[in-house]
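Read through the structure below, which is laid out as structure tokens, and then see the notes.
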Amino acid sequence: MNILPGLQPIVADLTDRFGRRIEGVFPVRPDEIYFHTAMELVPGFCAQLCRKWNARLVSLFADDARKPDGVFHLYYVLALDAAHGFFILRVPVPPEQPWFTSLTNALPAVNWQEREIQDLFGLRLEGHPNPRRCALHDDWPEVYPLRKDFDLKTVFPPFKGERHKFRKVEGEGVFQVPVGPVHAGIIEPGHFLFSVAGEPVLYLQIRLFYTHKGTEKLFENIPVTHGVCLAESISGDSSFAHATAFCHAVERAASVEVPPRARAVRTVCLELERLYNHIADIGAIATDVAFVVANAHAMRLKEQVLRLNEQLTGNRLLRGMAALGGVRFNWDAGQINLLSRFLSELRPQFDSLVEMVQESSSTRDRLETTGILKPGIACDLGVTGIAGRASGCDHDLRRDFPHAAYDQVKFNVPGYREGDVLRRMQVRIDEVREALAIIGQLVDKFPEGPIRVKVPALAPGTVALGYVEGWRGEIFHWIRAAENNRLARCKVKDPSLQNWPAMSEAILGNIIPDFPVINKSFNLSYSGTDR
Amino acid sequence: MFDILRKSLAAGIVTEAGPTATPGLARCVGRGRPEIDFANWKDARPAVAACPTGALACVDRGGIRTVRLDLGKCTFCGLCAEADASVRMTHACELTAMRREDLKVTAKYELGPDGTHRKLLAPPRSTLDSQVSSLDALGTKLKERLDKVLGRSLHIREVDAGSCNGCEVEIVGLNSPVYDIERFGIHFVASPRHADMLLVTGPVSRNMELALRKTYDATPAPRLVVAVGACGCSGGIFGANYASLGGVDKVIPVDVYIPGCPPNPHALLHGILTAIGRLPGKA
Ligand code: SF4
């Protein structure tokens with residue numbers, strides 16, 4: 001198997017530097033290279049890649065491979081945006097010595113992911129600055145749900161004990177304000193503990209995983225084909241993006257090429273998902289600063305997109321459209337016409353909405369300099385997607401790792417450095433316009449041909465990384481195939497998991513009444529995080 | 001200011017006709033419930049194997065096959081229809097039920113030696129169809145009931161008990177000018193203490209169980225509970241597992257079930273209005 005030309009000098013540099021301490025280099029795909037090594041090499045290896053080659057550690061997860069290999073494996077996925085490839089470090093953790101070294105002090109971006117491994121696999125973290133529970137609440141018994149000897153259907157007795165062990169925040173005049181899990185609006189559940197001195201927030205502790213549903217474990221218990229439907233339910237507002245990322249992983253594992261027409265349809269659907277969510281968020285941000293008229297218009301436009309979705313896919317949230325090897329439903333000339341008519345109708349209405357929001361100086365006043373996430377912090381935390389692009393993190397899988405038909409269209413990736421609510425809204429406004437342009441380019445030269453190819457059963461042991469730039473940010477699905485076309489592991493990485501800790505930074509110094517609008521400007525998925 | 005007014009006037013009235021409008025309005029062009037041609041069904045197994053949620057299931061015992069279609073689990077994905085020509089996807093999506101059992105359709109077949117159906121023994125029984133009163137009738141009765149029971153308005157507290165947030169995408173839409181739920185005197189409120197109805201989504205994750213119970217206890221009686229979506233009705237694709245309890249009625253009593261994944265705003269509206277219809281009169 002060959003390696004992408006852009007990646008070859010990097011592989012050479014690493015093998016030069018670390019020599020035989022790298023046990024093997026496996027270019028499973030030209031842009032997906034596995035390095036087998038030992039735990040003690042990980043910090044140096046990651047440091048070299050991040051500092052010298054500008055890599056980003058985008059996902060870190062464990063896999064219980066005790067059955068075939070006698071060990072647990074840790075996987076560190078590093079994205080090399082400029083060279084368009086992924087380097088994946090595989091490290092064994094023997095069951096007799098179930099612990100691993102934390103990288104959080106050097107790479108704060110992995111903080112939550114490391115703790116999740118500790119909770120779900122029972123591998124102890126060494127040297128983590130805050131090794132409390134993250135994925136399991138504190139009242140859960142000592143169980144490790146993602147170990148193979150844990151049964152999906154386990155029924156626990158009622159939990160006892162304290163649910164969350166928070167850090168104490170003390171000082172004269174410091175108050176703590178708990179909020180959630182049931183919130184005032186129609187949103188998902190999570191618990192926020194604000195420490196305030198007077199008005200400004202000093203510290204925000206976030207406890208999530210209220211909507212943990214055992215999704216990754218469930219993937220191991222169903223046929224691969226049903227996995228597409230489960231992926232649609234990871235985060236409802238990203239149904240198509242998650243399902244497509246899952247399909248992408250399976251297709252890569254099976255070495256299947258998706259036909260051009262299916263790629264175009266996927267691209268259109270991904271952009272439609274972006275459209276309805278971005279438009280809804282622009283309205284919701286306006287609502288949170290009391291500009292409800294703008295929200296009414298935004299909701300009206302969102303409804304138009306949902307109805308178009310229904311016409312094109314049979315479901316308002318694009319469910320049932322994703323399929324292994326392509327897409328499920330073909331579009332006739334009438335539907336493509338509908339799509340292009342829709343574009344020309346939506347554009348002026350959207351412009352008018354934007355004008356309304358931007359011309360309101362009182363709205364701008366509330367959004368500008370509110371909830372600032374500084375580029376340095378954003379970069380350290382590995383913030384992705386909208387929030388990243390508003391804070392100087394310039395990456396986009398659509399541009400750097402073109403999937404679906406993104407290599408067939410021209411588009412700009414917006415970028416700002418101010419990192420406030422206003423810029424996170426501006427990124428959305430820019431991306432809506434880009435989305436309309438992307439769909440427009442595709443509609444003009446929609447490829448003909450089949451929309452789906454057959455995906456053969458996966459060879460047991462095959463591993464593959466699938467990815468999609470969802471509307472919220474980058475989504476990764478990593479799979480390892482088992483016997484009988486089932487999965488031994490499906491690791492789901494939603495951008496929200498990466499971005500939540502950044503909320504705690506963005507709120508600092510702001511007042512609690514501004515929290516809703518700051519929260520909305522990130523609009524992270526609780527379910528995508530908790531799974 | 002004038003500009004905003006001008007823009008709003010230019011948009012015109014976008015609110016959809018309500019429940020009292022002409023019947024027969026095509027509300028859903030997408031996939032609704034699957035319909036099975038039970039009389040001519042030759043073999044349930046391919047469709048059952050295709051179903052990702054277990055909504056379609058069968059058991060064979062002593063040469064008899066019992067097939068069950070559970071609309072409370074179904075996500076209207078249409079994979080069964082793709083696998084089997086005897087199943088057809090309809091556009092019917094307003095499927096409120098007052099009892100969980102009413103969402104299940106069961107049929108029995110005598111089996112041939114190769115496992116195909118030889119004879120339909122018990123024709124499918126479903127109480128759902130007789131339950132589904134038309135939205136129109138509900139709407140006209142609605143105002144009366146609201147006046148009498150709730151003093152003209154209904155307050156809803158939405159509780160996400162572990163959903164994927166798909167249901168929330170649609171519930172939020174009820175407040176949009178297109179569906180404008182407030183015109184029926186129905187409001188979403190911020191606290192269960194102000195609420196007459198809990199609209200609950202999600203399969204009830206283990207971690208939301210306590211919060212859901214507490215929210216229920218904080219809601220003053222008479223209170224109504226509406227379970228929303230395949231997950232709320234039955235646990236949906238997640239079912240019951242170590243982290244998911246498998247439906248709202250595993251934790252608190254449910255008055256009305258609204259299937260769908262997610263139910264669209266019309267289906268939600270239909271369910272909410274049905275629930276009001278069953279409120280006891282003020283003592
Ligand atoms: S529509 Fe989908 S979920 Fe419903 S019975 Fe058919 S296959 Fe199962």
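All residue names refer to the structure tokens as shown: chains lettered A, B, ... in order, residues numbered from 1 in each chain, ligands numbered from 1 in order.
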Find the residues in chain A near chain B: any atom within 7 Å counts, using only C-alpha atoms. Write them as number ranges by chain.
A: 152-155, 182, 184-189, 210-214, 226, 229-230, 233-237, 296, 299-300, 310-311, 314-315, 320, 356, 527
Would you save the residues from that selection as a PDB file, in the first residue's frame, using C-alpha atoms?
ATOM      1  CA  LEU A 152     -25.199  -4.214  27.252  1.00  0.00           C
ATOM      2  CA  LYS A 153     -28.397  -5.252  29.014  1.00  0.00           C
ATOM      3  CA  THR A 154     -27.006  -5.019  32.544  1.00  0.00           C
ATOM      4  CA  VAL A 155     -29.640  -3.715  34.958  1.00  0.00           C
ATOM      5  CA  VAL A 182     -33.753  20.375  33.358  1.00  0.00           C
ATOM      6  CA  ALA A 184     -35.898  26.605  31.224  1.00  0.00           C
ATOM      7  CA  GLY A 185     -35.931  26.394  27.449  1.00  0.00           C
ATOM      8  CA  ILE A 186     -36.637  23.556  25.061  1.00  0.00           C
ATOM      9  CA  ILE A 187     -33.078  22.247  25.141  1.00  0.00           C
ATOM     10  CA  GLU A 188     -31.140  19.205  26.206  1.00  0.00           C
ATOM     11  CA  PRO A 189     -30.154  18.386  29.790  1.00  0.00           C
ATOM     12  CA  TYR A 210     -27.084  13.055  31.387  1.00  0.00           C
ATOM     13  CA  THR A 211     -28.204  11.679  28.025  1.00  0.00           C
ATOM     14  CA  HIS A 212     -25.702   8.816  27.935  1.00  0.00           C
ATOM     15  CA  LYS A 213     -27.596   5.993  26.214  1.00  0.00           C
ATOM     16  CA  GLY A 214     -24.943   3.340  25.711  1.00  0.00           C
ATOM     17  CA  HIS A 226     -28.570  -1.065  11.310  1.00  0.00           C
ATOM     18  CA  CYS A 229     -29.960   4.172  11.698  1.00  0.00           C
ATOM     19  CA  LEU A 230     -28.300   4.262  15.099  1.00  0.00           C
ATOM     20  CA  SER A 233     -29.786   9.107  16.440  1.00  0.00           C
ATOM     21  CA  ILE A 234     -26.453  10.224  17.891  1.00  0.00           C
ATOM     22  CA  SER A 235     -27.392  13.865  17.540  1.00  0.00           C
ATOM     23  CA  GLY A 236     -30.726  14.487  15.867  1.00  0.00           C
ATOM     24  CA  ASP A 237     -29.760  17.848  14.408  1.00  0.00           C
ATOM     25  CA  ALA A 296     -39.816  34.521  13.864  1.00  0.00           C
ATOM     26  CA  MET A 299     -38.011  29.978  12.117  1.00  0.00           C
ATOM     27  CA  ARG A 300     -40.060  30.612   9.005  1.00  0.00           C
ATOM     28  CA  GLU A 310     -39.032  16.138   3.356  1.00  0.00           C
ATOM     29  CA  GLN A 311     -39.611  16.524  -0.374  1.00  0.00           C
ATOM     30  CA  GLY A 314     -38.996  11.658   2.850  1.00  0.00           C
ATOM     31  CA  ASN A 315     -37.974  13.028   6.235  1.00  0.00           C
ATOM     32  CA  GLY A 320     -33.485   7.427   6.188  1.00  0.00           C
ATOM     33  CA  MET A 356     -32.514  42.923  10.007  1.00  0.00           C
ATOM     34  CA  SER A 527     -26.535  13.901  23.082  1.00  0.00           C
TER      35      SER A 527
END
Do a neighbour search on Arg100 (chain B) at 8 Å with only C-alpha atoms, toss out local chain neighbours closer than 2 positions, and write the hits as a list in words.
Gly72, Ala97, Met98, Asp102, Leu103, Lys104, Cys233 and Tyr257 of chain B
When DSSP is applied to the backbone of this structure, which of region 58-220 of chain A are assigned strand (DSSP E or B)? Write them out as a PyMOL selection string.
chain A and resi 58-65+71-80+85-93+99-101+124-126+174-179+191-197+200-207
By how many Å are CA of Glu126 (chain A) and CA of Lys493 (chain A) apart?
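These two atoms are separated by 23.1 Å.
Of the residues listed (A:Thr225, A:Gly173, A:Val455, A:Gly371), A:Thr225 shows the shortest atom-to-atom separation from ligand 1; distances use only C-alpha atoms and all ligand atoms.
The interatomic distance for the pair CA of Arg99 (chain B) and CA of Ile258 (chain B) works out to 10.6 Å.
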Just the residues within 12 Å of Ser59 (chain A), please, counting only C-alpha atoms, with nothing from its chain fewer than 6 positions along; format it as a ChimeraX atom specification.
/A:74-79,86-89,107,109-114,116-117,382,384,465,467,474-478,491-495,497-498
Residues of region 80-168 of chain A classed as helix (DSSP H, G or I) by DSSP on the backbone are to be reported as a list in words.
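Residues meeting the helix (DSSP H, G or I) criterion: Pro108, Ala109, Val110, Asn111, Trp112, Gln113, Glu114, Arg115, Glu116, Ile117, Gln118, Asp119, Leu120 and Phe121 of chain A.
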Go ahead and save the residues from that selection, with C-alpha atoms, as a PDB file, in the first residue's frame.
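Okay, this is what ended up in out.pdb:
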ATOM      1  CA  PRO A 108      -5.459  20.133  27.131  1.00  0.00           C
ATOM      2  CA  ALA A 109      -7.572  19.109  24.134  1.00  0.00           C
ATOM      3  CA  VAL A 110      -7.670  15.500  25.374  1.00  0.00           C
ATOM      4  CA  ASN A 111      -8.809  16.238  28.930  1.00  0.00           C
ATOM      5  CA  TRP A 112     -12.351  14.852  28.687  1.00  0.00           C
ATOM      6  CA  GLN A 113     -11.479  12.070  26.280  1.00  0.00           C
ATOM      7  CA  GLU A 114      -8.854  10.654  28.624  1.00  0.00           C
ATOM      8  CA  ARG A 115     -11.264  10.693  31.528  1.00  0.00           C
ATOM      9  CA  GLU A 116     -13.906   9.013  29.403  1.00  0.00           C
ATOM     10  CA  ILE A 117     -11.491   6.139  28.738  1.00  0.00           C
ATOM     11  CA  GLN A 118     -10.835   5.852  32.464  1.00  0.00           C
ATOM     12  CA  ASP A 119     -14.579   5.699  33.176  1.00  0.00           C
ATOM     13  CA  LEU A 120     -15.724   3.396  30.406  1.00  0.00           C
ATOM     14  CA  PHE A 121     -12.748   1.015  30.212  1.00  0.00           C
TER      15      PHE A 121
END
Ala44 (chain B) environment, 8 Å, only C-alpha atoms, sequence neighbours closer than 5 positions dropped, as a list of chain:residue names
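Result of the neighbour search: B:Cys58, B:Val67, B:Thr116.
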Would you mind exporting N, CA, C and O atoms of the selected residues as a PDB file, in the first residue's frame?
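Here's the written file selection.pdb:
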ATOM      1  N   CYS B  58     -41.145 -11.072  15.071  1.00  0.00           N
ATOM      2  CA  CYS B  58     -42.001 -12.249  15.012  1.00  0.00           C
ATOM      3  C   CYS B  58     -41.447 -13.375  15.876  1.00  0.00           C
ATOM      4  O   CYS B  58     -40.249 -13.459  16.110  1.00  0.00           O
ATOM      5  N   VAL B  67     -46.740 -12.219  14.460  1.00  0.00           N
ATOM      6  CA  VAL B  67     -46.008 -11.048  13.985  1.00  0.00           C
ATOM      7  C   VAL B  67     -46.563  -9.821  14.684  1.00  0.00           C
ATOM      8  O   VAL B  67     -47.775  -9.676  14.826  1.00  0.00           O
ATOM      9  N   THR B 116     -42.656 -20.242   5.443  1.00  0.00           N
ATOM     10  CA  THR B 116     -43.497 -19.170   4.906  1.00  0.00           C
ATOM     11  C   THR B 116     -44.917 -19.310   5.461  1.00  0.00           C
ATOM     12  O   THR B 116     -45.260 -20.333   6.051  1.00  0.00           O
TER      13      THR B 116
END
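Nearest residue to ligand 1, choosing from A:Arg389, A:His278, A:Arg319, A:Asp380 and counting only C-alpha atoms and all ligand atoms: A:Arg319.
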So, with only C-alpha atoms and all ligand atoms as the atoms that count, which of B:Asp180, B:Glu110, B:Asp70, B:Asp255 lies closest to ligand 1?
B:Asp70
Find the residues near Ala405 (chain A): any atom within 8 Å, counting only C-alpha atoms, skip ones fewer than 4 places away on the same chain, and give them as a list of chain:residue names.
A:Pro260, A:Arg263, A:Ala264, A:Arg266, A:Thr267, A:Val409
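Taking only C-alpha atoms into account, Leu210 (chain B) lies nearest to A:Pro181 out of the set A:Pro181, A:Pro129, A:Pro375, A:Pro92.
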For Leu202 (chain A), find every residue with an atom within 8 Å (counting only C-alpha atoms), except residues of its own chain fewer than 6 positions away, and show them as a ChimeraX atom specification.
/A:194-196,508-509
